[in-house]
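Reading through the structure tokens given below for one structure.
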Amino acid sequence: MSQQDLVCEKVLGTVDSLDVFLEQLRADPLINIIQDGIVVIDRDKNVRLMNQCAQDLLRMPEEEAVGKPCCEVIRSDVCGDKCDHCLKQPNTRFMENFNIDVLTHTGEVIACCMHTAVIFDHLDKPVGYIEHFREMGQVREIIDQQSELLSLYSKEKERIQTLINSIEDGVFTLGSDGRLRSLSPRLEDLADCTEEDLLGKSYTEILSLSSSENPSSDPFPEGLQNASPIRDHRCEIRTTQGALVPVLLNTIPLKSPDGEVIGLMGMVRDLRELEGLKKELEDRYSFANIIGTGPRMQEIFDLVERLSDTNTNVLIQGESGTGKELVARALHYHSPRKEKPFMKINCAALPDPLLESELFGYEKGAFTGATQRKPGKFKLADGGTVFLDEIAETSAAFQAKLLRVVQDLEFEPLGGTSAEKVNVRILAATNKDLKTEAEAGRFREDLYYRLCVVPVHIPPLRERKEDIPRLIDHCLEKVIKKYPTRTGDKPVFAPQAMSAIMDYDWPGNIRELENAVERAVVCSTSEMIHASVLPREVREPAPQTTASMDPILSSQDEPLDWDQVEKIRETLTQCKGNKTLAAKMLGMSRTTLWRRLREIERASPATC
């Protein structure tokens, strides 16, 4: 006997007779209260009882149904060949039929689920049946609602998945055991694998949570159950090839309705492009990009390198165009502050009120048009570096306010009532002799001494002409990136053009040289750059610039003096072939030296 038969027998048991059973059933008030249809049928398949729910469902009163064959009353699609099915099966006392159609007596077809149980007497003989059926309308409504909810869930899941797939960051979820439950296509790309390769694996197989910057950092020291949200944690993703991809990790715990942590969702952002740009920026302002081979520039390199690891204020002095900002950026990007902002402001470009608002910021309502609070450069650069260019052009009133910032590293925003402290390194630059300016009363002496803790003086280009060939080569590389040549080769300056460049004093220094090189490349019709495309002031210098007082050879028409020739050769050997230094030691211009060398070269074969 099956489990369901045992349940049925326990509920119905056995009866003395069908009539006795019917009397007991009618006497039970629950028969007409329950919301399921009950029909009792005798052994001859005639209806003997219908409760109120069955009458309402079949649209037929009990007095009309009693005595009629059950197939004429219930009229379901199980009548006929399925009738007595339960009696024909050995050891079976009931039959279930789900989703059957019943034809009511008003012509409607109603979907029902029906259960048939056999009534036995004490002699274990069947004396009748009980038909129990329930209208499926409510069930179907529930099913339809569930189907609609499933459809909405499916659409929402698809929408969320589309959203996740469109996010540039990689997304993953972990179970409470720390194993991967899902990951987005972007994360698959970062890890160079498929979702199937990683599902069920520990997060430690894909995330290298320690890095070169945080070698012992673990964002989940107490496990995922007690994990707090992570914000911008620098770590690495380990690809299937073993490569490490730098990423920024952010996580949030996933919780059940009762607040229990059941997992974690994480997002990782690829830092390769950012780190590449950062390295490019550091390289751009590295010492390698400050061109200089002479002893004065080497001294500056040594000084800048020593200052990089300190927070000392530095005053950078030099003529316009010598590269003061380049030195300032090198100081910043080789210091522990390189991860923080570098804020530059040209003090000569703004009047006092605007300069103060730019540096110190302002509060809402501080002046007309100040509709909201704006932080200044000092606040934005907190932890980094502030570069004050053209500091000598500031007014005495502004210098007094700046003195407090330099001295105490605190300031009051315009319209503010309290001081704000910052942690910044201050670098200043000027093209004037600031000490002379201070002695003349045009610059505050106390501010000068606070800014000029360590002075760095950059020599003008005319005092380091030995660097011009390398500077030109560097400028050419930058220019041809903007204006590629037809052949793709780097342009070359003709000897006459190079001679004119070396003889010119370059009052605009490196900036003027860069502009001259760019003009020459743009105006030249070939890769050989001639003097004709140089600026007029370079190719046709003023007489006093090119006049050469040559103590060795006073006239170019003077015949060669071989004692003097020998002195030229000795000087060149002493200068290791550096013609610029040799010309200085000989007291002649570089052009004169080159001319004499050509004369020596032409004359040498004839004297042999």
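Following the order of the structure tokens, chains are lettered A, B, ..., residues in each are numbered from 1, and ligands are numbered from 1.
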Which residues are close to Ser335 (chain A), i.e. within 12 Å by only C-alpha atoms, leaving aside same-chain residues fewer than 5 positions away? Reply as an mmCIF file with N, CA, C and O atoms, in the first residue's frame.
data_model
loop_
_atom_site.group_PDB
_atom_site.id
_atom_site.type_symbol
_atom_site.label_atom_id
_atom_site.label_comp_id
_atom_site.auth_asym_id
_atom_site.auth_seq_id
_atom_site.Cartn_x
_atom_site.Cartn_y
_atom_site.Cartn_z
ATOM 1 N N GLU A 282 56.242 61.297 -15.168
ATOM 2 C CA GLU A 282 57.458 61.310 -14.361
ATOM 3 C C GLU A 282 58.696 61.375 -15.253
ATOM 4 O O GLU A 282 59.656 62.087 -14.961
ATOM 5 N N TYR A 285 59.330 64.851 -16.701
ATOM 6 C CA TYR A 285 59.925 65.823 -15.795
ATOM 7 C C TYR A 285 61.061 65.203 -14.978
ATOM 8 O O TYR A 285 61.335 65.621 -13.867
ATOM 9 N N SER A 286 61.678 64.187 -15.534
ATOM 10 C CA SER A 286 62.822 63.587 -14.862
ATOM 11 C C SER A 286 64.074 64.393 -15.170
ATOM 12 O O SER A 286 64.084 65.265 -16.033
ATOM 13 N N VAL A 304 69.325 69.274 -7.098
ATOM 14 C CA VAL A 304 67.912 68.915 -7.220
ATOM 15 C C VAL A 304 67.662 67.513 -6.686
ATOM 16 O O VAL A 304 66.669 67.247 -6.002
ATOM 17 N N GLU A 305 68.572 66.602 -6.976
ATOM 18 C CA GLU A 305 68.410 65.225 -6.482
ATOM 19 C C GLU A 305 68.453 65.177 -4.965
ATOM 20 O O GLU A 305 67.692 64.449 -4.327
ATOM 21 N N ARG A 306 69.345 65.973 -4.353
ATOM 22 C CA ARG A 306 69.422 65.997 -2.887
ATOM 23 C C ARG A 306 68.170 66.624 -2.286
ATOM 24 O O ARG A 306 67.723 66.231 -1.206
ATOM 25 N N LEU A 307 67.593 67.605 -2.975
ATOM 26 C CA LEU A 307 66.422 68.300 -2.445
ATOM 27 C C LEU A 307 65.126 67.517 -2.628
ATOM 28 O O LEU A 307 64.113 67.822 -1.997
ATOM 29 N N SER A 308 65.136 66.510 -3.504
ATOM 30 C CA SER A 308 63.895 65.800 -3.837
ATOM 31 C C SER A 308 63.285 65.087 -2.637
ATOM 32 O O SER A 308 62.065 64.958 -2.534
ATOM 33 N N ASP A 309 64.106 64.601 -1.737
ATOM 34 C CA ASP A 309 63.603 63.839 -0.591
ATOM 35 C C ASP A 309 63.307 64.729 0.618
ATOM 36 O O ASP A 309 63.051 64.216 1.708
ATOM 37 N N THR A 310 63.350 66.024 0.439
ATOM 38 C CA THR A 310 63.094 66.931 1.558
ATOM 39 C C THR A 310 61.820 67.732 1.310
ATOM 40 O O THR A 310 61.247 67.702 0.226
ATOM 41 N N ASN A 311 61.382 68.455 2.341
ATOM 42 C CA ASN A 311 60.238 69.356 2.216
ATOM 43 C C ASN A 311 60.679 70.814 2.197
ATOM 44 O O ASN A 311 59.878 71.730 2.410
ATOM 45 N N THR A 312 61.959 71.042 1.954
ATOM 46 C CA THR A 312 62.522 72.389 2.003
ATOM 47 C C THR A 312 61.939 73.270 0.904
ATOM 48 O O THR A 312 61.753 72.832 -0.232
ATOM 49 N N ALA A 328 61.157 72.723 -11.253
ATOM 50 C CA ALA A 328 60.157 72.611 -10.184
ATOM 51 C C ALA A 328 59.414 71.286 -10.278
ATOM 52 O O ALA A 328 59.178 70.616 -9.271
ATOM 53 N N ARG A 329 59.020 70.909 -11.491
ATOM 54 C CA ARG A 329 58.310 69.636 -11.657
ATOM 55 C C ARG A 329 59.216 68.451 -11.357
ATOM 56 O O ARG A 329 58.775 67.441 -10.805
ATOM 57 N N ALA A 330 60.492 68.551 -11.716
ATOM 58 C CA ALA A 330 61.429 67.472 -11.381
ATOM 59 C C ALA A 330 61.550 67.316 -9.870
ATOM 60 O O ALA A 330 61.597 66.194 -9.351
ATOM 61 N N LYS A 340 50.711 63.140 -5.020
ATOM 62 C CA LYS A 340 49.777 64.221 -4.700
ATOM 63 C C LYS A 340 49.847 65.303 -5.782
ATOM 64 O O LYS A 340 50.715 65.290 -6.645
ATOM 65 N N PRO A 341 48.917 66.282 -5.719
ATOM 66 C CA PRO A 341 48.852 67.269 -6.804
ATOM 67 C C PRO A 341 50.070 68.197 -6.861
ATOM 68 O O PRO A 341 50.733 68.472 -5.855
ATOM 69 N N PHE A 342 50.341 68.659 -8.082
ATOM 70 C CA PHE A 342 51.316 69.719 -8.334
ATOM 71 C C PHE A 342 50.534 70.904 -8.875
ATOM 72 O O PHE A 342 49.976 70.849 -9.966
ATOM 73 N N GLY A 383 49.115 68.015 0.750
ATOM 74 C CA GLY A 383 49.942 66.826 0.640
ATOM 75 C C GLY A 383 50.888 66.870 -0.538
ATOM 76 O O GLY A 383 51.779 66.024 -0.651
ATOM 77 N N GLY A 384 50.716 67.866 -1.438
ATOM 78 C CA GLY A 384 51.540 67.958 -2.633
ATOM 79 C C GLY A 384 52.415 69.192 -2.648
ATOM 80 O O GLY A 384 52.981 69.591 -1.621
ATOM 81 N N THR A 385 52.499 69.813 -3.841
ATOM 82 C CA THR A 385 53.419 70.926 -4.050
ATOM 83 C C THR A 385 52.697 72.098 -4.690
ATOM 84 O O THR A 385 51.869 71.893 -5.587
ATOM 85 N N ARG A 425 54.408 71.671 0.049
ATOM 86 C CA ARG A 425 55.767 72.156 -0.174
ATOM 87 C C ARG A 425 55.675 73.331 -1.143
ATOM 88 O O ARG A 425 54.985 73.244 -2.160
#
message: For the helix (DSSP H, G or I) assignment from backbone DSSP, which residues of region 145-330 of chain A qualify? Please present them as a PyMOL selection string.
response: chain A and resi 145-166+185-191+195-198+203-205+224-226+272-284+287-289+295-307+324-330
message: I'd like to know which of A:Leu513, A:Val15, A:Ala65, A:Ala400 is closest to Leu123 (chain A), using only C-alpha atoms.
response: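 Under the stated criterion, the closest residue is A:Val15.
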message: My list of candidates is A:Gln55, A:Gln496, A:Ser320, A:Ser532. Which is closest to Pro459 (chain A) when distances are computed with only C-alpha atoms?
response: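 The shortest atom-to-atom distance to Pro459 (chain A) comes from A:Ser320.
The smallest atom-to-atom distance between Asp270 (chain A) and any of A:Lys435, A:Arg186, A:Arg296, A:His334, using only C-alpha atoms, is found for A:Arg186.
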message: I'd like the neighbourhood of Ile480 (chain A) as a PyMOL selection string, where a residue qualifies if any of its atoms comes within 10 Å (using only C-alpha atoms), though same-chain residues fewer than 4 positions away should be ignored.
response: chain A and resi 475-476+484-485+488-491+518+521-522
message: Here is a test: counting only C-alpha atoms, which residue of A:Ala397, A:Val40, A:Ile510, A:Gln574 is nearest to Glu23 (chain A)?
response: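 Using only C-alpha atoms, Glu23 (chain A) sits closest to A:Val40.
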message: Can you measure CA of Lys155 (chain A) to CA of Ile262 (chain A) for me? One decimal in Å is fine.
response: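 So the answer is 24.3 Å.
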Distance criterion (only C-alpha atoms): nearest to Trp506 (chain A) out of A:Leu18, A:Leu388, A:Ile468, A:Ile31: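 Ranking A:Leu18, A:Leu388, A:Ile468, A:Ile31 by distance to Trp506 (chain A), first place goes to A:Ile468.
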- prompt: Using only C-alpha atoms, which residues sit within 8 Å of Arg43 (chain A) once same-chain residues fewer than 3 positions away are excluded, as a PyMOL selection string?
  reply: chain A and resi 46+126-129
message: Using only C-alpha atoms for the distances, tell me which of A:Asp352, A:Glu514, A:Asp177, A:Glu72 is nearest to Met60 (chain A).
response: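 Looking only at the distances to Met60 (chain A), the closest residue turns out to be A:Glu72.
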message: I'd like the interatomic distance between CA of Ser76 (chain A) and CA of Asp101 (chain A), to a tenth of an Å.
response: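 Straight-line distance from CA of Ser76 (chain A) to CA of Asp101 (chain A) works out to 5.8 Å.
Atom pair CA of Phe378 (chain A) / CA of Phe360 (chain A) has a distance of 6.2 Å (rounded to one decimal).
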- request: Using only C-alpha atoms, determine which residues lie at most 6 Å from region 203-208 of chain A, disregarding the query and same-chain residues fewer than 6 positions distant; provide the list as a ChimeraX atom specification.
  value: /A:179,236-238
Using backbone DSSP assignments, extract all strand (DSSP E or B) residues from region 13-116 of chain A; output them as a PDB file with C-alpha atoms, in the first residue's frame.
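Result file states.pdb:
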ATOM      1  CA  THR A  14     -13.975   2.321   6.945  1.00  0.00           C
ATOM      2  CA  VAL A  15     -17.691   2.936   7.229  1.00  0.00           C
ATOM      3  CA  GLY A  37     -16.205  21.062  -3.940  1.00  0.00           C
ATOM      4  CA  ILE A  38     -17.277  17.737  -2.362  1.00  0.00           C
ATOM      5  CA  VAL A  39     -19.473  15.217  -4.222  1.00  0.00           C
ATOM      6  CA  VAL A  40     -20.338  11.774  -2.771  1.00  0.00           C
ATOM      7  CA  ILE A  41     -21.222   9.067  -5.296  1.00  0.00           C
ATOM      8  CA  ASP A  42     -22.571   5.593  -4.533  1.00  0.00           C
ATOM      9  CA  ASN A  46     -25.167   8.093  -8.787  1.00  0.00           C
ATOM     10  CA  VAL A  47     -24.728  11.390  -6.942  1.00  0.00           C
ATOM     11  CA  ARG A  48     -25.803  11.180  -3.282  1.00  0.00           C
ATOM     12  CA  LEU A  49     -24.442  14.462  -1.822  1.00  0.00           C
ATOM     13  CA  MET A  50     -23.100  17.848  -3.001  1.00  0.00           C
ATOM     14  CA  PRO A  69     -25.331   9.594 -12.758  1.00  0.00           C
ATOM     15  CA  SER A  76     -15.365  16.213 -16.665  1.00  0.00           C
ATOM     16  CA  PHE A  94      -7.640   7.074  -4.849  1.00  0.00           C
ATOM     17  CA  MET A  95      -6.916   8.814  -8.109  1.00  0.00           C
ATOM     18  CA  GLU A  96      -5.636  12.359  -8.734  1.00  0.00           C
ATOM     19  CA  ASN A  97      -6.263  14.380 -11.853  1.00  0.00           C
ATOM     20  CA  PHE A  98      -4.750  17.820 -12.213  1.00  0.00           C
ATOM     21  CA  ASN A  99      -5.795  20.483 -14.688  1.00  0.00           C
ATOM     22  CA  ILE A 100      -8.964  18.799 -15.861  1.00  0.00           C
ATOM     23  CA  ASP A 101     -11.819  20.669 -17.520  1.00  0.00           C
ATOM     24  CA  VAL A 102     -15.355  20.523 -16.074  1.00  0.00           C
ATOM     25  CA  LEU A 103     -18.399  21.615 -18.077  1.00  0.00           C
ATOM     26  CA  VAL A 109     -15.700  25.243 -18.936  1.00  0.00           C
ATOM     27  CA  ILE A 110     -13.832  25.497 -15.668  1.00  0.00           C
ATOM     28  CA  ALA A 111     -10.294  24.253 -15.082  1.00  0.00           C
ATOM     29  CA  CYS A 112     -10.085  22.190 -11.896  1.00  0.00           C
ATOM     30  CA  CYS A 113      -7.867  19.788 -10.095  1.00  0.00           C
ATOM     31  CA  MET A 114      -9.765  16.695  -8.853  1.00  0.00           C
ATOM     32  CA  HIS A 115      -9.053  13.943  -6.392  1.00  0.00           C
ATOM     33  CA  THR A 116     -11.120  10.719  -6.217  1.00  0.00           C
TER      34      THR A 116
END
